[in-house]
$ cat input16.txt   # compact mmCIF, C-alpha atoms
# COMPACT_ATOMS: atom_id res chain seq x y z
CA MET A 1 11.98 -4.91 -19.05
CA ALA A 2 8.73 -5.24 -20.97
CA ALA A 3 6.99 -2.00 -21.90
CA PRO A 4 4.23 -1.15 -19.43
CA SER A 5 1.64 -1.45 -22.17
CA LYS A 6 2.42 -5.13 -22.77
CA ALA A 7 0.14 -7.60 -21.10
CA TRP A 8 1.70 -9.46 -18.19
CA ARG A 9 1.74 -13.22 -18.49
CA PRO A 10 1.82 -14.98 -15.16
CA PRO A 11 4.51 -17.68 -14.95
CA ALA A 12 3.39 -21.10 -16.19
CA SER A 13 3.46 -22.54 -12.69
CA LEU A 14 0.97 -19.93 -11.56
CA ALA A 15 -1.15 -20.01 -14.70
CA ALA A 16 -1.56 -23.74 -14.23
CA ALA A 17 -2.80 -22.90 -10.79
CA ARG A 18 -5.96 -21.61 -12.37
CA GLY A 19 -7.32 -24.95 -11.42
CA MET A 20 -7.92 -23.42 -8.04
CA LYS A 21 -8.83 -26.44 -5.96
CA TRP A 22 -5.85 -25.80 -3.72
CA ILE A 23 -7.54 -22.64 -2.45
CA LYS A 24 -9.89 -24.91 -0.48
CA GLU A 25 -6.89 -25.85 1.65
CA ILE A 26 -6.35 -22.26 2.76
CA ARG A 27 -7.79 -21.63 6.20
CA PHE A 28 -9.36 -18.22 6.06
CA GLY A 29 -9.65 -16.89 9.60
CA PRO A 30 -11.85 -14.39 11.40
CA TYR A 31 -13.76 -12.25 8.88
CA GLY A 32 -12.74 -14.71 6.14
CA LEU A 33 -9.27 -13.22 5.84
CA VAL A 34 -5.68 -14.41 5.79
CA PRO A 35 -2.59 -12.22 6.04
CA ALA A 36 -0.53 -12.04 2.86
CA ILE A 37 3.14 -11.11 3.05
CA VAL A 38 4.52 -9.58 -0.14
CA GLN A 39 8.20 -10.07 -0.87
CA GLU A 40 10.45 -8.98 -3.73
CA GLY A 41 13.84 -10.63 -3.73
CA GLY A 42 14.99 -10.58 -0.13
CA LYS A 43 12.89 -7.56 0.81
CA VAL A 44 9.51 -7.71 2.51
CA LEU A 45 7.47 -4.97 0.84
CA MET A 46 4.21 -5.09 2.75
CA ILE A 47 1.57 -7.14 4.47
CA ALA A 48 -2.10 -6.99 3.56
CA TYR A 49 -5.14 -9.23 3.86
CA MET A 50 -6.89 -11.48 1.37
CA ASN A 51 -10.31 -12.98 1.34
CA ARG A 52 -11.06 -15.93 -0.96
CA ARG A 53 -12.07 -13.66 -3.80
CA ALA A 54 -8.86 -11.60 -3.59
CA LEU A 55 -6.80 -14.79 -3.71
CA GLU A 56 -8.78 -16.10 -6.69
CA LEU A 57 -8.32 -12.80 -8.56
CA THR A 58 -4.60 -12.86 -7.79
CA VAL A 59 -4.27 -16.33 -9.27
CA ARG A 60 -6.49 -15.60 -12.25
CA THR A 61 -4.87 -12.30 -13.25
CA GLY A 62 -1.31 -12.71 -12.00
CA TYR A 63 -1.60 -9.36 -10.20
CA ALA A 64 -1.79 -9.04 -6.42
CA HIS A 65 -5.28 -8.31 -5.08
CA PHE A 66 -6.22 -7.78 -1.46
CA TYR A 67 -9.18 -7.00 0.75
CA SER A 68 -9.12 -3.69 2.57
CA ARG A 69 -10.38 -4.02 6.12
CA SER A 70 -10.77 -0.25 6.52
CA ARG A 71 -12.52 0.36 3.21
CA LYS A 72 -14.31 -3.00 3.31
CA LYS A 73 -13.63 -3.71 -0.33
CA LEU A 74 -11.45 -5.66 -2.72
CA TRP A 75 -8.58 -3.77 -4.26
CA LYS A 76 -5.96 -4.41 -6.86
CA LYS A 77 -2.60 -3.29 -5.54
CA GLY A 78 -1.54 -0.28 -7.64
CA GLU A 79 -4.99 0.39 -9.09
CA GLU A 80 -4.57 4.08 -8.28
CA SER A 81 -0.78 4.55 -8.37
CA GLY A 82 0.02 2.12 -11.18
CA HIS A 83 2.46 0.43 -8.81
CA VAL A 84 1.06 -3.03 -9.43
CA GLN A 85 2.61 -6.28 -8.27
CA LYS A 86 3.18 -9.11 -10.75
CA VAL A 87 3.00 -12.37 -8.88
CA ALA A 88 5.79 -14.84 -9.56
CA GLU A 89 5.01 -17.35 -6.82
CA ILE A 90 2.39 -18.09 -4.20
CA ARG A 91 3.38 -19.92 -1.02
CA THR A 92 1.52 -20.87 2.13
CA ASP A 93 2.66 -21.84 5.59
CA CYS A 94 2.40 -24.99 7.71
CA ASP A 95 -1.05 -24.07 9.02
CA ALA A 96 -2.23 -22.80 5.62
CA ASP A 97 -3.47 -19.64 7.33
CA ALA A 98 -1.02 -17.19 5.77
CA ILE A 99 0.10 -16.44 2.21
CA LEU A 100 3.52 -15.42 0.95
CA LEU A 101 3.55 -13.73 -2.46
CA LYS A 102 6.80 -13.37 -4.36
CA VAL A 103 6.32 -10.47 -6.74
CA ARG A 104 7.90 -8.07 -9.15
CA GLN A 105 6.97 -4.61 -7.94
CA LYS A 106 6.23 -2.21 -10.77
CA GLY A 107 7.15 1.44 -10.30
CA PRO A 108 9.34 2.98 -7.62
CA GLY A 109 7.68 1.58 -4.55
CA ALA A 110 4.97 -0.42 -2.83
CA CYS A 111 4.16 2.01 -0.03
CA HIS A 112 1.70 4.90 -0.32
CA THR A 113 4.18 6.97 1.73
CA GLY A 114 6.66 6.95 -1.17
CA HIS A 115 8.93 4.22 0.16
CA ARG A 116 9.95 1.01 -1.55
CA SER A 117 8.72 -1.05 1.39
CA CYS A 118 6.06 -0.28 3.96
CA PHE A 119 8.57 -1.43 6.59
CA PHE A 120 10.67 1.73 6.24
CA ARG A 121 11.06 2.29 9.99
CA ALA A 122 13.26 0.43 12.46
CA VAL A 123 13.70 0.68 16.21
CA ARG A 124 16.90 2.55 17.00
CA GLY A 125 17.80 3.82 20.43
CA GLY A 126 14.31 3.41 21.78
CA ARG A 127 12.65 5.22 18.89
CA LEU A 128 11.11 4.40 15.54
CA VAL A 129 13.43 5.85 12.92
CA VAL A 130 12.97 6.08 9.17
CA THR A 131 15.84 4.10 7.64
CA ASP A 132 14.79 4.02 3.97
CA ARG A 133 14.86 6.87 1.50
CA LEU A 134 11.82 8.18 -0.38
CA ARG A 135 11.45 6.74 -3.87
CA PHE A 136 8.58 8.90 -5.09
CA ASP A 137 6.43 11.86 -4.11
CA PRO A 138 3.05 10.56 -2.92
CA GLY A 139 1.44 13.89 -3.76
CA GLN A 140 2.42 13.51 -7.39
CA VAL A 141 1.29 9.90 -7.60
CA TYR A 142 -1.95 10.01 -5.64
CA GLY A 143 -2.81 13.68 -6.12
CA PRO A 144 -3.87 16.04 -3.34
CA LYS A 145 -6.15 14.47 -0.74
CA MET B 18 29.62 -18.67 16.51
CA ALA B 19 29.20 -18.25 20.24
CA ALA B 20 28.76 -21.41 22.25
CA PRO B 21 25.08 -22.12 22.95
CA SER B 22 25.70 -21.76 26.67
CA LYS B 23 26.79 -18.14 26.32
CA ALA B 24 24.17 -15.53 27.03
CA TRP B 25 22.89 -13.73 23.96
CA ARG B 26 23.38 -9.99 23.96
CA PRO B 27 20.89 -8.13 21.81
CA PRO B 28 22.49 -5.63 19.45
CA ALA B 29 23.07 -2.20 20.96
CA SER B 30 20.38 -0.66 18.77
CA LEU B 31 17.85 -3.06 20.20
CA ALA B 32 19.15 -2.93 23.75
CA ALA B 33 18.77 0.83 23.68
CA ALA B 34 15.19 0.20 22.67
CA ARG B 35 14.55 -0.95 26.21
CA GLY B 36 13.22 2.49 26.66
CA MET B 37 10.02 1.13 25.19
CA LYS B 38 8.02 4.29 24.60
CA TRP B 39 7.90 3.51 20.88
CA ILE B 40 5.69 0.50 21.63
CA LYS B 41 2.87 3.00 22.30
CA GLU B 42 2.97 3.82 18.58
CA ILE B 43 2.15 0.24 17.60
CA ARG B 44 -1.51 -0.16 16.77
CA PHE B 45 -2.55 -3.48 18.23
CA GLY B 46 -5.66 -4.66 16.43
CA PRO B 47 -8.57 -6.94 17.23
CA TYR B 48 -7.79 -9.05 20.33
CA GLY B 49 -4.83 -6.74 21.03
CA LEU B 50 -2.64 -8.48 18.46
CA VAL B 51 -0.42 -7.53 15.54
CA PRO B 52 1.04 -9.92 12.98
CA ALA B 53 4.81 -10.34 13.19
CA ILE B 54 6.74 -11.50 10.15
CA VAL B 55 10.02 -13.23 10.95
CA GLN B 56 12.79 -13.01 8.39
CA GLU B 57 16.36 -14.35 8.30
CA GLY B 58 18.46 -12.91 5.51
CA GLY B 59 16.21 -12.93 2.46
CA LYS B 60 14.03 -15.78 3.72
CA VAL B 61 10.68 -15.34 5.44
CA LEU B 62 10.64 -17.98 8.15
CA MET B 63 7.20 -17.58 9.66
CA ILE B 64 4.40 -15.31 10.72
CA ALA B 65 2.97 -15.24 14.21
CA TYR B 66 1.10 -12.79 16.42
CA MET B 67 2.25 -10.53 19.22
CA ASN B 68 0.37 -8.78 21.95
CA ARG B 69 1.98 -5.89 23.81
CA ARG B 70 3.54 -8.19 26.39
CA ALA B 71 5.09 -10.43 23.73
CA LEU B 72 6.62 -7.40 22.03
CA GLU B 73 7.94 -6.06 25.34
CA LEU B 74 9.50 -9.44 26.18
CA THR B 75 11.06 -9.61 22.71
CA VAL B 76 12.67 -6.21 23.21
CA ARG B 77 13.73 -6.91 26.79
CA THR B 78 15.27 -10.34 26.18
CA GLY B 79 16.36 -10.12 22.54
CA TYR B 80 14.53 -13.37 21.83
CA ALA B 81 11.35 -13.56 19.78
CA HIS B 82 8.19 -14.01 21.83
CA PHE B 83 4.66 -14.35 20.48
CA TYR B 84 1.10 -14.84 21.59
CA SER B 85 -0.56 -18.09 20.58
CA ARG B 86 -4.15 -17.57 19.51
CA SER B 87 -4.95 -21.28 19.71
CA ARG B 88 -3.33 -21.89 23.10
CA LYS B 89 -4.24 -18.42 24.35
CA LYS B 90 -0.83 -17.86 25.91
CA LEU B 91 2.49 -16.16 25.51
CA TRP B 92 5.28 -18.29 24.17
CA LYS B 93 8.96 -17.92 23.56
CA LYS B 94 9.78 -19.22 20.11
CA GLY B 95 11.90 -22.35 20.59
CA GLU B 96 11.00 -22.82 24.24
CA GLU B 97 10.37 -26.52 23.56
CA SER B 98 12.62 -27.22 20.56
CA GLY B 99 15.53 -24.97 21.50
CA HIS B 100 15.16 -23.35 18.06
CA VAL B 101 15.07 -19.85 19.43
CA GLN B 102 15.25 -16.66 17.39
CA LYS B 103 17.76 -13.96 18.29
CA VAL B 104 16.37 -10.63 17.24
CA ALA B 105 18.72 -8.37 15.30
CA GLU B 106 16.22 -5.72 14.24
CA ILE B 107 12.61 -4.73 14.79
CA ARG B 108 10.76 -2.86 12.06
CA THR B 109 7.18 -1.70 11.67
CA ASP B 110 5.11 -0.68 8.67
CA CYS B 111 3.46 2.54 7.54
CA ASP B 112 0.32 1.90 9.57
CA ALA B 113 2.29 0.59 12.57
CA ASP B 114 -0.03 -2.41 12.68
CA ALA B 115 2.51 -5.07 11.71
CA ILE B 116 5.99 -6.01 12.92
CA LEU B 117 8.95 -7.32 10.93
CA LEU B 118 11.60 -9.10 12.97
CA LYS B 119 15.01 -9.74 11.49
CA VAL B 120 16.46 -12.68 13.36
CA ARG B 121 19.17 -15.26 13.60
CA GLN B 122 17.41 -18.59 13.74
CA LYS B 123 19.11 -21.06 16.09
CA GLY B 124 19.03 -24.73 15.18
CA PRO B 125 18.04 -26.33 11.90
CA GLY B 126 14.68 -24.70 11.37
CA ALA B 127 11.85 -22.48 12.50
CA CYS B 128 8.96 -24.75 11.58
CA HIS B 129 7.55 -27.48 13.82
CA THR B 130 7.21 -29.66 10.69
CA GLY B 131 11.01 -29.89 10.40
CA HIS B 132 11.46 -27.28 7.69
CA ARG B 133 13.65 -24.20 7.79
CA SER B 134 10.68 -21.95 6.95
CA CYS B 135 6.99 -22.47 7.62
CA PHE B 136 6.42 -21.39 4.00
CA PHE B 137 7.74 -24.69 2.62
CA ARG B 138 4.89 -25.15 0.12
CA ALA B 139 4.30 -23.36 -3.18
CA VAL B 140 1.51 -23.51 -5.74
CA ARG B 141 2.65 -25.56 -8.71
CA GLY B 142 0.31 -26.77 -11.42
CA GLY B 143 -2.81 -26.08 -9.42
CA ARG B 144 -1.56 -27.89 -6.31
CA LEU B 145 0.29 -27.07 -3.13
CA VAL B 146 3.67 -28.76 -3.42
CA VAL B 147 6.42 -29.10 -0.82
CA THR B 148 9.47 -27.36 -2.29
CA ASP B 149 11.81 -27.35 0.72
CA ARG B 150 13.67 -30.28 2.22
CA LEU B 151 13.31 -31.44 5.81
CA ARG B 152 16.02 -30.11 8.11
CA PHE B 153 15.18 -32.11 11.21
CA ASP B 154 12.93 -34.87 12.49
CA PRO B 155 10.08 -33.29 14.46
CA GLY B 156 9.58 -36.56 16.38
CA GLN B 157 13.12 -36.34 17.72
CA VAL B 158 12.86 -32.68 18.63
CA TYR B 159 9.38 -32.51 20.10
CA GLY B 160 9.00 -36.13 21.21
CA PRO B 161 5.99 -38.36 20.52
CA LYS B 162 2.67 -36.56 20.68

$ encode --input "input16.txt" --output "structure tokens"
Amino acid sequence: MAAPSKAWRPPASLAAARGMKWIKEIRFGPYGLVPAIVQEGGKVLMIAYMNRRALELTVRTGYAHFYSRSRKKLWKKGEESGHVQKVAEIRTDCDADAILLKVRQKGPGACHTGHRSCFFRAVRGGRLVVTDRLRFDPGQVYGPK
Amino acid sequence: MAAPSKAWRPPASLAAARGMKWIKEIRFGPYGLVPAIVQEGGKVLMIAYMNRRALELTVRTGYAHFYSRSRKKLWKKGEESGHVQKVAEIRTDCDADAILLKVRQKGPGACHTGHRSCFFRAVRGGRLVVTDRLRFDPGQVYGPK
């Protein structure tokens, strides 16, 4: 593992993508957004939304950026927690209206609740049940709210 | 493998979910929809949208149902192709505004283009490149358009 202080170099395949013409093929939907699924290995970590600028920043920096619909602003994943996502691959679907990011998640988890994945609940016996253990204490990472 | 003619029984955990009170916790967004990521093993097959009725039908039948934004109607995945998705698990995320379905995909693929996954293209050298092989001939499955 590289020390956290070392600069992250996006993989060559992504760096070469800095010619960003392909982004014109992405069909941004209502509000100029597309959903972006974030996956590490076989695990889906989260889903968030990207506008064109967030996608460009993701390609340019190699770190996942999104657009927050609630806060109405661009954000770099992990900007507060340090739990950034280094992008290894960018995929799109048949309709080019969704993005799939394959990442390396830095830190113990992607979710602000302290879980590895935001999808930490499953339906069991007619209820939503937490199936994943906590990986970190959100209070320690984000401070008191 | 069960013969295709045999009825599919959803797993007990899902069947028990037929008490569908938990669906009230799902926060359907604009247009009453939530995105639903469909995953088989470690592979993300597709993303589609569900309204409340599609989610209820998915739980009740054990087969993935969605709402088509373009056709403005409910659909059962595979209703035309036979490539249905048997739901093994339903998960939701921290905000309860997205669904993750773990499925068994019937037939050679989930995508109408003939690929296993709709995410069959990746960014390589500044272009979108098809990285996955065709699994079936869409013309044979869906007939001439």

$ closest_atom_pairs --input "input16.txt" --of "chain A" --to "chain B" --cutoff "6 Å" --atoms "all atoms listed in the file" --output "tab-separated table"
residue	atom	partner	partner_atom	distance
A:Ser13	CA	B:Arg141	CA	5.1
A:Ala16	CA	B:Gly142	CA	4.5
A:Ala17	CA	B:Gly143	CA	3.5
A:Gly19	CA	B:Gly143	CA	5.1
A:Met20	CA	B:Gly143	CA	5.9
A:Trp22	CA	B:Arg144	CA	5.4
A:Gly42	CA	B:Gly59	CA	3.7
A:Ile90	CA	B:Ala139	CA	5.7
A:Arg91	CA	B:Ala139	CA	4.2
A:Thr92	CA	B:Phe136	CA	5.3
A:Asp93	CA	B:Phe136	CA	4.1
A:Cys94	CA	B:Cys135	CA	5.2
A:Cys118	CA	B:Asp110	CA	4.8
A:Phe119	CA	B:Asp110	CA	4.1
A:Arg121	CA	B:Arg108	CA	5.6
A:Ala122	CA	B:Arg108	CA	4.2
A:Val123	CA	B:Ile107	CA	5.7
A:Arg124	CA	B:Ser30	CA	5.1
A:Gly125	CA	B:Ala33	CA	4.5
A:Gly126	CA	B:Ala34	CA	3.4
A:Arg127	CA	B:Trp39	CA	5.4

$ residues_near_point --input "input16.txt" --point "(-4.1, -10.6, 0.1)" --cutoff "10 Å" --atoms "all atoms listed in the file" --output "count of residues only"
31

$ calpha_fit_and_write --input "input16.txt" --fixed "chain A" --moving "chain B" --output "PDB file with C-alpha atoms, in the frame of the given file"
ATOM      1  CA  MET B  18      11.910  -5.230 -19.396  1.00  0.00           C
ATOM      2  CA  ALA B  19       8.625  -5.494 -21.242  1.00  0.00           C
ATOM      3  CA  ALA B  20       6.954  -2.245 -22.175  1.00  0.00           C
ATOM      4  CA  PRO B  21       4.276  -1.273 -19.641  1.00  0.00           C
ATOM      5  CA  SER B  22       1.614  -1.545 -22.323  1.00  0.00           C
ATOM      6  CA  LYS B  23       2.297  -5.239 -22.878  1.00  0.00           C
ATOM      7  CA  ALA B  24       0.014  -7.646 -21.098  1.00  0.00           C
ATOM      8  CA  TRP B  25       1.622  -9.463 -18.196  1.00  0.00           C
ATOM      9  CA  ARG B  26       1.662 -13.225 -18.469  1.00  0.00           C
ATOM     10  CA  PRO B  27       1.813 -14.991 -15.132  1.00  0.00           C
ATOM     11  CA  PRO B  28       4.492 -17.669 -14.950  1.00  0.00           C
ATOM     12  CA  ALA B  29       3.387 -21.076 -16.197  1.00  0.00           C
ATOM     13  CA  SER B  30       3.474 -22.511 -12.684  1.00  0.00           C
ATOM     14  CA  LEU B  31       0.994 -19.904 -11.564  1.00  0.00           C
ATOM     15  CA  ALA B  32      -1.117 -19.997 -14.702  1.00  0.00           C
ATOM     16  CA  ALA B  33      -1.532 -23.724 -14.231  1.00  0.00           C
ATOM     17  CA  ALA B  34      -2.776 -22.897 -10.767  1.00  0.00           C
ATOM     18  CA  ARG B  35      -5.932 -21.587 -12.375  1.00  0.00           C
ATOM     19  CA  GLY B  36      -7.303 -24.916 -11.455  1.00  0.00           C
ATOM     20  CA  MET B  37      -7.905 -23.401  -8.050  1.00  0.00           C
ATOM     21  CA  LYS B  38      -8.811 -26.442  -5.985  1.00  0.00           C
ATOM     22  CA  TRP B  39      -5.828 -25.784  -3.720  1.00  0.00           C
ATOM     23  CA  ILE B  40      -7.532 -22.612  -2.477  1.00  0.00           C
ATOM     24  CA  LYS B  41      -9.892 -24.898  -0.515  1.00  0.00           C
ATOM     25  CA  GLU B  42      -6.886 -25.850   1.624  1.00  0.00           C
ATOM     26  CA  ILE B  43      -6.340 -22.259   2.747  1.00  0.00           C
ATOM     27  CA  ARG B  44      -7.791 -21.650   6.178  1.00  0.00           C
ATOM     28  CA  PHE B  45      -9.361 -18.221   6.048  1.00  0.00           C
ATOM     29  CA  GLY B  46      -9.655 -16.903   9.581  1.00  0.00           C
ATOM     30  CA  PRO B  47     -11.858 -14.412  11.383  1.00  0.00           C
ATOM     31  CA  TYR B  48     -13.763 -12.253   8.857  1.00  0.00           C
ATOM     32  CA  GLY B  49     -12.743 -14.726   6.131  1.00  0.00           C
ATOM     33  CA  LEU B  50      -9.269 -13.221   5.822  1.00  0.00           C
ATOM     34  CA  VAL B  51      -5.672 -14.413   5.783  1.00  0.00           C
ATOM     35  CA  PRO B  52      -2.592 -12.213   6.036  1.00  0.00           C
ATOM     36  CA  ALA B  53      -0.521 -12.032   2.856  1.00  0.00           C
ATOM     37  CA  ILE B  54       3.141 -11.105   3.053  1.00  0.00           C
ATOM     38  CA  VAL B  55       4.535  -9.567  -0.122  1.00  0.00           C
ATOM     39  CA  GLN B  56       8.212 -10.054  -0.841  1.00  0.00           C
ATOM     40  CA  GLU B  57      10.468  -8.954  -3.713  1.00  0.00           C
ATOM     41  CA  GLY B  58      13.857 -10.622  -3.716  1.00  0.00           C
ATOM     42  CA  GLY B  59      14.999 -10.560  -0.103  1.00  0.00           C
ATOM     43  CA  LYS B  60      12.891  -7.532   0.821  1.00  0.00           C
ATOM     44  CA  VAL B  61       9.508  -7.694   2.525  1.00  0.00           C
ATOM     45  CA  LEU B  62       7.472  -4.966   0.873  1.00  0.00           C
ATOM     46  CA  MET B  63       4.208  -5.089   2.772  1.00  0.00           C
ATOM     47  CA  ILE B  64       1.560  -7.134   4.481  1.00  0.00           C
ATOM     48  CA  ALA B  65      -2.101  -6.991   3.580  1.00  0.00           C
ATOM     49  CA  TYR B  66      -5.143  -9.237   3.866  1.00  0.00           C
ATOM     50  CA  MET B  67      -6.877 -11.470   1.361  1.00  0.00           C
ATOM     51  CA  ASN B  68     -10.299 -12.999   1.325  1.00  0.00           C
ATOM     52  CA  ARG B  69     -11.046 -15.923  -0.976  1.00  0.00           C
ATOM     53  CA  ARG B  70     -12.061 -13.643  -3.831  1.00  0.00           C
ATOM     54  CA  ALA B  71      -8.857 -11.601  -3.587  1.00  0.00           C
ATOM     55  CA  LEU B  72      -6.787 -14.780  -3.721  1.00  0.00           C
ATOM     56  CA  GLU B  73      -8.772 -16.090  -6.694  1.00  0.00           C
ATOM     57  CA  LEU B  74      -8.311 -12.792  -8.558  1.00  0.00           C
ATOM     58  CA  THR B  75      -4.584 -12.843  -7.777  1.00  0.00           C
ATOM     59  CA  VAL B  76      -4.267 -16.321  -9.261  1.00  0.00           C
ATOM     60  CA  ARG B  77      -6.488 -15.570 -12.249  1.00  0.00           C
ATOM     61  CA  THR B  78      -4.865 -12.271 -13.244  1.00  0.00           C
ATOM     62  CA  GLY B  79      -1.303 -12.686 -11.971  1.00  0.00           C
ATOM     63  CA  TYR B  80      -1.589  -9.349 -10.181  1.00  0.00           C
ATOM     64  CA  ALA B  81      -1.789  -9.022  -6.412  1.00  0.00           C
ATOM     65  CA  HIS B  82      -5.268  -8.298  -5.085  1.00  0.00           C
ATOM     66  CA  PHE B  83      -6.227  -7.774  -1.452  1.00  0.00           C
ATOM     67  CA  TYR B  84      -9.180  -7.016   0.751  1.00  0.00           C
ATOM     68  CA  SER B  85      -9.125  -3.701   2.580  1.00  0.00           C
ATOM     69  CA  ARG B  86     -10.402  -4.022   6.126  1.00  0.00           C
ATOM     70  CA  SER B  87     -10.788  -0.263   6.532  1.00  0.00           C
ATOM     71  CA  ARG B  88     -12.533   0.356   3.206  1.00  0.00           C
ATOM     72  CA  LYS B  89     -14.305  -3.003   3.317  1.00  0.00           C
ATOM     73  CA  LYS B  90     -13.599  -3.730  -0.337  1.00  0.00           C
ATOM     74  CA  LEU B  91     -11.441  -5.656  -2.725  1.00  0.00           C
ATOM     75  CA  TRP B  92      -8.581  -3.759  -4.256  1.00  0.00           C
ATOM     76  CA  LYS B  93      -5.954  -4.389  -6.854  1.00  0.00           C
ATOM     77  CA  LYS B  94      -2.602  -3.264  -5.524  1.00  0.00           C
ATOM     78  CA  GLY B  95      -1.539  -0.265  -7.620  1.00  0.00           C
ATOM     79  CA  GLU B  96      -4.982   0.388  -9.061  1.00  0.00           C
ATOM     80  CA  GLU B  97      -4.558   4.095  -8.272  1.00  0.00           C
ATOM     81  CA  SER B  98      -0.771   4.544  -8.342  1.00  0.00           C
ATOM     82  CA  GLY B  99       0.030   2.143 -11.172  1.00  0.00           C
ATOM     83  CA  HIS B 100       2.482   0.434  -8.792  1.00  0.00           C
ATOM     84  CA  VAL B 101       1.092  -3.004  -9.413  1.00  0.00           C
ATOM     85  CA  GLN B 102       2.634  -6.267  -8.252  1.00  0.00           C
ATOM     86  CA  LYS B 103       3.202  -9.093 -10.720  1.00  0.00           C
ATOM     87  CA  VAL B 104       3.014 -12.359  -8.871  1.00  0.00           C
ATOM     88  CA  ALA B 105       5.809 -14.832  -9.550  1.00  0.00           C
ATOM     89  CA  GLU B 106       5.022 -17.348  -6.821  1.00  0.00           C
ATOM     90  CA  ILE B 107       2.395 -18.081  -4.200  1.00  0.00           C
ATOM     91  CA  ARG B 108       3.389 -19.919  -1.036  1.00  0.00           C
ATOM     92  CA  THR B 109       1.526 -20.855   2.121  1.00  0.00           C
ATOM     93  CA  ASP B 110       2.665 -21.840   5.593  1.00  0.00           C
ATOM     94  CA  CYS B 111       2.395 -24.982   7.696  1.00  0.00           C
ATOM     95  CA  ASP B 112      -1.043 -24.070   9.013  1.00  0.00           C
ATOM     96  CA  ALA B 113      -2.222 -22.790   5.611  1.00  0.00           C
ATOM     97  CA  ASP B 114      -3.474 -19.643   7.321  1.00  0.00           C
ATOM     98  CA  ALA B 115      -1.025 -17.189   5.756  1.00  0.00           C
ATOM     99  CA  ILE B 116       0.103 -16.437   2.204  1.00  0.00           C
ATOM    100  CA  LEU B 117       3.533 -15.391   0.946  1.00  0.00           C
ATOM    101  CA  LEU B 118       3.559 -13.719  -2.454  1.00  0.00           C
ATOM    102  CA  LYS B 119       6.797 -13.354  -4.354  1.00  0.00           C
ATOM    103  CA  VAL B 120       6.333 -10.453  -6.723  1.00  0.00           C
ATOM    104  CA  ARG B 121       7.900  -8.048  -9.135  1.00  0.00           C
ATOM    105  CA  GLN B 122       6.974  -4.608  -7.906  1.00  0.00           C
ATOM    106  CA  LYS B 123       6.239  -2.175 -10.744  1.00  0.00           C
ATOM    107  CA  GLY B 124       7.168   1.459 -10.263  1.00  0.00           C
ATOM    108  CA  PRO B 125       9.340   3.007  -7.582  1.00  0.00           C
ATOM    109  CA  GLY B 126       7.688   1.583  -4.505  1.00  0.00           C
ATOM    110  CA  ALA B 127       4.969  -0.408  -2.815  1.00  0.00           C
ATOM    111  CA  CYS B 128       4.165   2.013  -0.014  1.00  0.00           C
ATOM    112  CA  HIS B 129       1.710   4.904  -0.285  1.00  0.00           C
ATOM    113  CA  THR B 130       4.181   6.993   1.763  1.00  0.00           C
ATOM    114  CA  GLY B 131       6.660   6.965  -1.140  1.00  0.00           C
ATOM    115  CA  HIS B 132       8.939   4.240   0.180  1.00  0.00           C
ATOM    116  CA  ARG B 133       9.940   1.029  -1.546  1.00  0.00           C
ATOM    117  CA  SER B 134       8.726  -1.050   1.419  1.00  0.00           C
ATOM    118  CA  CYS B 135       6.054  -0.268   3.985  1.00  0.00           C
ATOM    119  CA  PHE B 136       8.570  -1.431   6.615  1.00  0.00           C
ATOM    120  CA  PHE B 137      10.676   1.726   6.255  1.00  0.00           C
ATOM    121  CA  ARG B 138      11.051   2.285  10.015  1.00  0.00           C
ATOM    122  CA  ALA B 139      13.250   0.426  12.495  1.00  0.00           C
ATOM    123  CA  VAL B 140      13.688   0.670  16.251  1.00  0.00           C
ATOM    124  CA  ARG B 141      16.889   2.539  17.015  1.00  0.00           C
ATOM    125  CA  GLY B 142      17.783   3.805  20.462  1.00  0.00           C
ATOM    126  CA  GLY B 143      14.292   3.389  21.823  1.00  0.00           C
ATOM    127  CA  ARG B 144      12.636   5.219  18.922  1.00  0.00           C
ATOM    128  CA  LEU B 145      11.101   4.389  15.581  1.00  0.00           C
ATOM    129  CA  VAL B 146      13.430   5.844  12.969  1.00  0.00           C
ATOM    130  CA  VAL B 147      12.968   6.093   9.205  1.00  0.00           C
ATOM    131  CA  THR B 148      15.830   4.108   7.667  1.00  0.00           C
ATOM    132  CA  ASP B 149      14.773   4.049   4.004  1.00  0.00           C
ATOM    133  CA  ARG B 150      14.848   6.901   1.523  1.00  0.00           C
ATOM    134  CA  LEU B 151      11.816   8.204  -0.340  1.00  0.00           C
ATOM    135  CA  ARG B 152      11.463   6.779  -3.840  1.00  0.00           C
ATOM    136  CA  PHE B 153       8.600   8.934  -5.055  1.00  0.00           C
ATOM    137  CA  ASP B 154       6.429  11.877  -4.084  1.00  0.00           C
ATOM    138  CA  PRO B 155       3.062  10.555  -2.894  1.00  0.00           C
ATOM    139  CA  GLY B 156       1.435  13.914  -3.729  1.00  0.00           C
ATOM    140  CA  GLN B 157       2.417  13.510  -7.369  1.00  0.00           C
ATOM    141  CA  VAL B 158       1.288   9.908  -7.576  1.00  0.00           C
ATOM    142  CA  TYR B 159      -1.952  10.015  -5.629  1.00  0.00           C
ATOM    143  CA  GLY B 160      -2.831  13.688  -6.094  1.00  0.00           C
ATOM    144  CA  PRO B 161      -3.894  16.085  -3.331  1.00  0.00           C
ATOM    145  CA  LYS B 162      -6.090  14.512  -0.687  1.00  0.00           C
TER     146      LYS B 162
END

$ atom_distance --input "input16.txt" --atom1 "atom CA of Tyr80 of chain B" --atom2 "atom CA of Pro125 of chain B"
16.7 Å

$ residues_near_point --input "input16.txt" --point "(8.5, -36.0, 17.8)" --cutoff "12 Å" --atoms "all atoms listed in the file" --output "PyMOL selection string"
chain B and resi 97-98+129-131+153-162

$ atom_distance --input "input16.txt" --atom1 "atom CA of Pro47 of chain B" --atom2 "atom CA of Gly109 of chain A"
28.5 Å
